[in-house]
>>> print(open('query.pdb').read())   # PDB, C-alpha atoms
ATOM      1  CA  MET A 128      41.963  21.021 -12.233
ATOM      2  CA  ILE A 129      42.959  17.735 -13.845
ATOM      3  CA  GLU A 130      43.189  14.733 -11.525
ATOM      4  CA  THR A 131      46.753  13.404 -11.652
ATOM      5  CA  GLY A 132      46.100  10.094  -9.893
ATOM      6  CA  GLN A 133      45.572   8.394 -13.266
ATOM      7  CA  ASP A 134      47.517   8.419 -16.506
ATOM      8  CA  ILE A 135      46.479  11.471 -18.542
ATOM      9  CA  LEU A 136      46.167  11.498 -22.335
ATOM     10  CA  PHE A 137      45.842  14.831 -24.129
ATOM     11  CA  LEU A 138      44.400  14.861 -27.663
ATOM     12  CA  LEU A 139      43.444  17.702 -29.991
ATOM     13  CA  THR A 140      39.707  18.140 -30.498
ATOM     14  CA  GLY A 141      39.568  18.119 -34.281
ATOM     15  CA  ALA A 142      40.218  20.276 -37.315
ATOM     16  CA  TRP A 143      41.541  23.829 -37.140
ATOM     17  CA  ASP A 144      42.572  26.698 -39.396
ATOM     18  CA  ASP A 145      45.648  28.858 -38.929
ATOM     19  CA  ALA A 146      47.750  31.457 -40.761
ATOM     20  CA  ASP A 147      48.928  28.755 -43.183
ATOM     21  CA  GLY A 148      45.363  27.873 -44.165
ATOM     22  CA  GLY A 149      43.518  24.737 -43.288
ATOM     23  CA  PRO A 150      41.485  22.982 -42.285
ATOM     24  CA  TRP A 151      44.182  20.829 -40.692
ATOM     25  CA  LEU A 152      44.102  17.770 -38.482
ATOM     26  CA  CYS A 153      46.657  16.084 -36.268
ATOM     27  CA  ALA A 154      47.417  12.684 -37.799
ATOM     28  CA  ASP A 155      48.956  11.459 -34.530
ATOM     29  CA  CYS A 156      45.831  12.426 -32.561
ATOM     30  CA  CYS A 157      43.689  10.704 -35.197
ATOM     31  CA  THR A 158      45.798   7.572 -34.730
ATOM     32  CA  MET A 159      45.104   7.744 -30.999
ATOM     33  CA  GLU A 160      41.365   8.287 -31.569
ATOM     34  CA  GLY A 161      41.377   5.137 -33.716
ATOM     35  CA  ALA A 162      43.240   3.201 -31.020
ATOM     36  CA  LEU A 163      40.648   4.355 -28.473
ATOM     37  CA  LYS A 164      37.857   3.064 -30.755
ATOM     38  CA  VAL A 165      39.546  -0.347 -30.864
ATOM     39  CA  ASN A 166      40.317  -0.231 -27.119
ATOM     40  CA  PRO A 167      37.413   1.718 -25.570
ATOM     41  CA  HIS A 168      38.318   0.439 -22.086
ATOM     42  CA  TRP A 169      41.432   2.658 -22.163
ATOM     43  CA  ALA A 170      39.223   5.744 -21.874
ATOM     44  CA  ASP A 171      37.766   4.318 -18.658
ATOM     45  CA  ALA A 172      41.201   3.542 -17.196
ATOM     46  CA  ILE A 173      42.841   6.929 -17.835
ATOM     47  CA  THR A 174      41.961  10.608 -17.757
ATOM     48  CA  LEU A 175      41.274  11.625 -21.360
ATOM     49  CA  VAL A 176      41.464  15.361 -22.061
ATOM     50  CA  ARG A 177      40.595  16.803 -25.466
ATOM     51  CA  ILE A 178      41.988  20.289 -26.047
ATOM     52  CA  ASP A 179      41.880  22.888 -28.798
ATOM     53  CA  TYR A 180      44.801  23.406 -31.161
ATOM     54  CA  ALA A 181      45.538  26.995 -30.088
ATOM     55  CA  ARG A 182      48.607  27.591 -27.939
ATOM     56  CA  PRO A 183      49.364  27.989 -25.173
ATOM     57  CA  ARG A 184      47.568  24.830 -24.135
ATOM     58  CA  ALA A 185      47.075  25.734 -20.510
ATOM     59  CA  GLU A 186      45.962  22.257 -19.435
ATOM     60  CA  ILE A 187      49.288  20.730 -20.523
ATOM     61  CA  VAL A 188      51.472  23.704 -19.567
ATOM     62  CA  THR A 189      50.104  23.561 -16.007
ATOM     63  CA  LEU A 190      51.290  19.947 -15.647
ATOM     64  CA  LEU A 191      54.472  20.143 -17.730
ATOM     65  CA  ASP A 192      55.776  23.398 -19.224
ATOM     66  CA  ALA A 193      55.495  25.586 -22.326
ATOM     67  CA  ASP A 194      58.142  23.542 -24.152
ATOM     68  CA  HIS A 195      56.154  20.305 -23.785
ATOM     69  CA  GLN A 196      52.599  21.087 -24.911
ATOM     70  CA  ASN A 197      52.353  18.836 -27.939
ATOM     71  CA  ALA A 198      49.453  16.518 -28.566
ATOM     72  CA  PRO A 199      49.091  13.677 -28.251
ATOM     73  CA  THR A 200      50.813  13.565 -24.879
ATOM     74  CA  LEU A 201      50.499  10.767 -22.345
ATOM     75  CA  ILE A 202      51.571  11.648 -18.797
ATOM     76  CA  LEU A 203      52.024   8.651 -16.522
ATOM     77  CA  ALA A 204      50.639   8.708 -13.006
ATOM     78  CA  ASP A 205      53.304   8.426 -10.312
ATOM     79  CA  ASP A 206      52.424   4.802  -9.537
ATOM     80  CA  THR A 207      52.121   3.600 -13.151
ATOM     81  CA  ILE A 208      54.836   1.219 -14.310
ATOM     82  CA  ALA A 209      56.571   2.421 -17.480
ATOM     83  CA  HIS A 210      56.560  -0.666 -19.710
ATOM     84  CA  VAL A 211      57.917   1.469 -22.553
ATOM     85  CA  GLU A 212      60.854   3.816 -21.953
ATOM     86  CA  PRO A 213      59.430   7.345 -21.478
ATOM     87  CA  GLU A 214      60.425   9.866 -24.133
ATOM     88  CA  ALA A 215      61.110  12.521 -21.511
ATOM     89  CA  VAL A 216      60.757  13.375 -17.852
ATOM     90  CA  VAL A 217      59.435  16.885 -17.273
ATOM     91  CA  GLY A 218      59.111  18.198 -13.744
ATOM     92  CA  GLY A 219      59.281  14.620 -12.492
ATOM     93  CA  ARG A 220      56.470  13.488 -14.834
ATOM     94  CA  ARG A 221      57.155  10.727 -17.375
ATOM     95  CA  ILE A 222      55.716  11.500 -20.798
ATOM     96  CA  TYR A 223      55.182  10.044 -24.271
ATOM     97  CA  THR A 224      54.224  11.888 -27.462
ATOM     98  CA  ASP A 225      54.725   9.170 -30.079
ATOM     99  CA  PRO A 226      51.377   7.470 -30.781
ATOM    100  CA  LYS A 227      52.948   4.017 -31.189
ATOM    101  CA  ALA A 228      54.754   4.327 -27.860
ATOM    102  CA  ILE A 229      51.555   5.610 -26.232
ATOM    103  CA  CYS A 230      49.567   2.646 -27.581
ATOM    104  CA  ARG A 231      52.198   0.148 -26.477
ATOM    105  CA  GLN A 232      52.300   1.660 -22.988
ATOM    106  CA  LEU A 233      48.501   1.669 -22.659
ATOM    107  CA  ALA A 234      48.237  -1.901 -23.971
ATOM    108  CA  ALA A 235      50.875  -3.068 -21.492
ATOM    109  CA  CYS A 236      49.080  -1.397 -18.577
ATOM    110  CA  TYR A 237      45.439  -1.913 -19.502
ATOM    111  CA  THR A 238      45.520  -4.723 -22.128
ATOM    112  CA  GLY A 239      44.268  -4.366 -25.661
ATOM    113  CA  ALA A 240      45.448  -4.084 -29.233
ATOM    114  CA  GLN A 241      48.649  -2.254 -30.042
ATOM    115  CA  PRO A 242      50.580  -1.345 -33.213
ATOM    116  CA  ASN A 243      52.093  -4.289 -35.009
ATOM    117  CA  LYS A 244      55.840  -4.626 -35.258
ATOM    118  CA  PRO A 245      57.286  -5.054 -38.754
ATOM    119  CA  ARG A 246      58.598  -8.510 -39.500
ATOM    120  CA  PRO A 247      62.386  -8.416 -39.841
ATOM    121  CA  SER A 248      62.186 -10.142 -43.224
ATOM    122  CA  ALA A 249      59.418  -7.935 -44.602
ATOM    123  CA  PRO A 250      60.512  -5.241 -47.038
ATOM    124  CA  LEU A 251      59.741  -1.767 -45.755
ATOM    125  CA  GLN A 252      58.430   1.237 -47.614
ATOM    126  CA  ASP A 253      58.560   4.511 -45.680
ATOM    127  CA  GLY A 254      59.214   2.480 -42.529
ATOM    128  CA  TYR A 255      56.134   0.243 -42.919
ATOM    129  CA  PRO A 256      55.805  -3.375 -44.094
ATOM    130  CA  THR A 257      54.736  -3.709 -47.715
TER
END
>>> encode(input="query.pdb", output="structure tokens")
Amino acid sequence: MIETGQDILFLLTGAWDDADGGPWLCADCCTMEGALKVNPHWADAITLVRIDYARPRAEIVTLLDADHQNAPTLILADDTIAHVEPEAVVGGRRIYTDPKAICRQLAACYTGAQPNKPRPSAPLQDGYPT
């Protein structure tokens, strides 16, 4: 049973193969792993759960539902202030699946580095500053 008194972050464990081939990786989970390397204190402040790619992902389904078992997923504890607007509320639980939103929320709650915001005057390529 996963303790729900802390924020919970679900990440995929690593590479996997499926009917479409592989090996594959989850770029969003890799982004979160990188953010955790830069901000190792986040792992001490939250419950970090690494899960396999295969569905159903029982650990997430138990807390949310079968329609919300993506990774990464951050589930806020009941008493955590949402500094970033949650992407959804499922069964009364506030969740995020976008890695930038997750990082901004964790940085606001627990301090640390977060994704930079593009400068308004900077030209963008594929949504990123050049």
>>> closest_residue(input="query.pdb", among="A:Cys236, A:Glu212, A:Gly149, A:Asn197", to="A:Ala185", atoms="all atoms listed in the file")
A:Asn197
>>> closest_residue(input="query.pdb", among="A:Cys157, A:Ala209, A:Ile173, A:Val217", to="A:Ala193", atoms="only C-alpha atoms")
A:Val217
>>> closest_atom_pairs(input="query.pdb", of="stretch 147-238 of chain A", to="stretch 138-142 of chain A", cutoff="9 Å", atoms="all atoms listed in the file", output="Markdown table")
| residue | atom | partner | partner_atom | distance |
| --- | --- | --- | --- | --- |
| A:Gly149 | CA | A:Ala142 | CA | 8.2 |
| A:Pro150 | CA | A:Ala142 | CA | 5.8 |
| A:Trp151 | CA | A:Ala142 | CA | 5.2 |
| A:Leu152 | CA | A:Ala142 | CA | 4.8 |
| A:Cys153 | CA | A:Leu139 | CA | 7.2 |
| A:Asp155 | CA | A:Leu138 | CA | 8.9 |
| A:Cys156 | CA | A:Leu138 | CA | 5.7 |
| A:Cys157 | CA | A:Gly141 | CA | 8.5 |
| A:Met159 | CA | A:Leu138 | CA | 7.9 |
| A:Glu160 | CA | A:Leu138 | CA | 8.2 |
| A:Leu175 | CA | A:Leu138 | CA | 7.7 |
| A:Val176 | CA | A:Leu138 | CA | 6.3 |
| A:Arg177 | CA | A:Leu138 | CA | 4.8 |
| A:Ile178 | CA | A:Leu139 | CA | 4.9 |
| A:Asp179 | CA | A:Thr140 | CA | 5.5 |
| A:Tyr180 | CA | A:Leu139 | CA | 6.0 |
| A:Asn197 | CA | A:Leu138 | CA | 8.9 |
| A:Ala198 | CA | A:Leu138 | CA | 5.4 |
| A:Pro199 | CA | A:Leu138 | CA | 4.9 |
| A:Thr200 | CA | A:Leu138 | CA | 7.1 |
>>> closest_residue(input="query.pdb", among="A:Leu191, A:Ile222, A:Ala215, A:Ile135", to="A:Asp171", atoms="only C-alpha atoms")
A:Ile135
>>> closest_residue(input="query.pdb", among="A:Ile208, A:Leu136, A:Ala235, A:Cys230", to="A:Leu190", atoms="all atoms listed in the file")
A:Leu136
>>> closest_residue(input="query.pdb", among="A:Val211, A:Ala146, A:Ile129, A:Leu163", to="A:Ala240", atoms="only C-alpha atoms")
A:Leu163
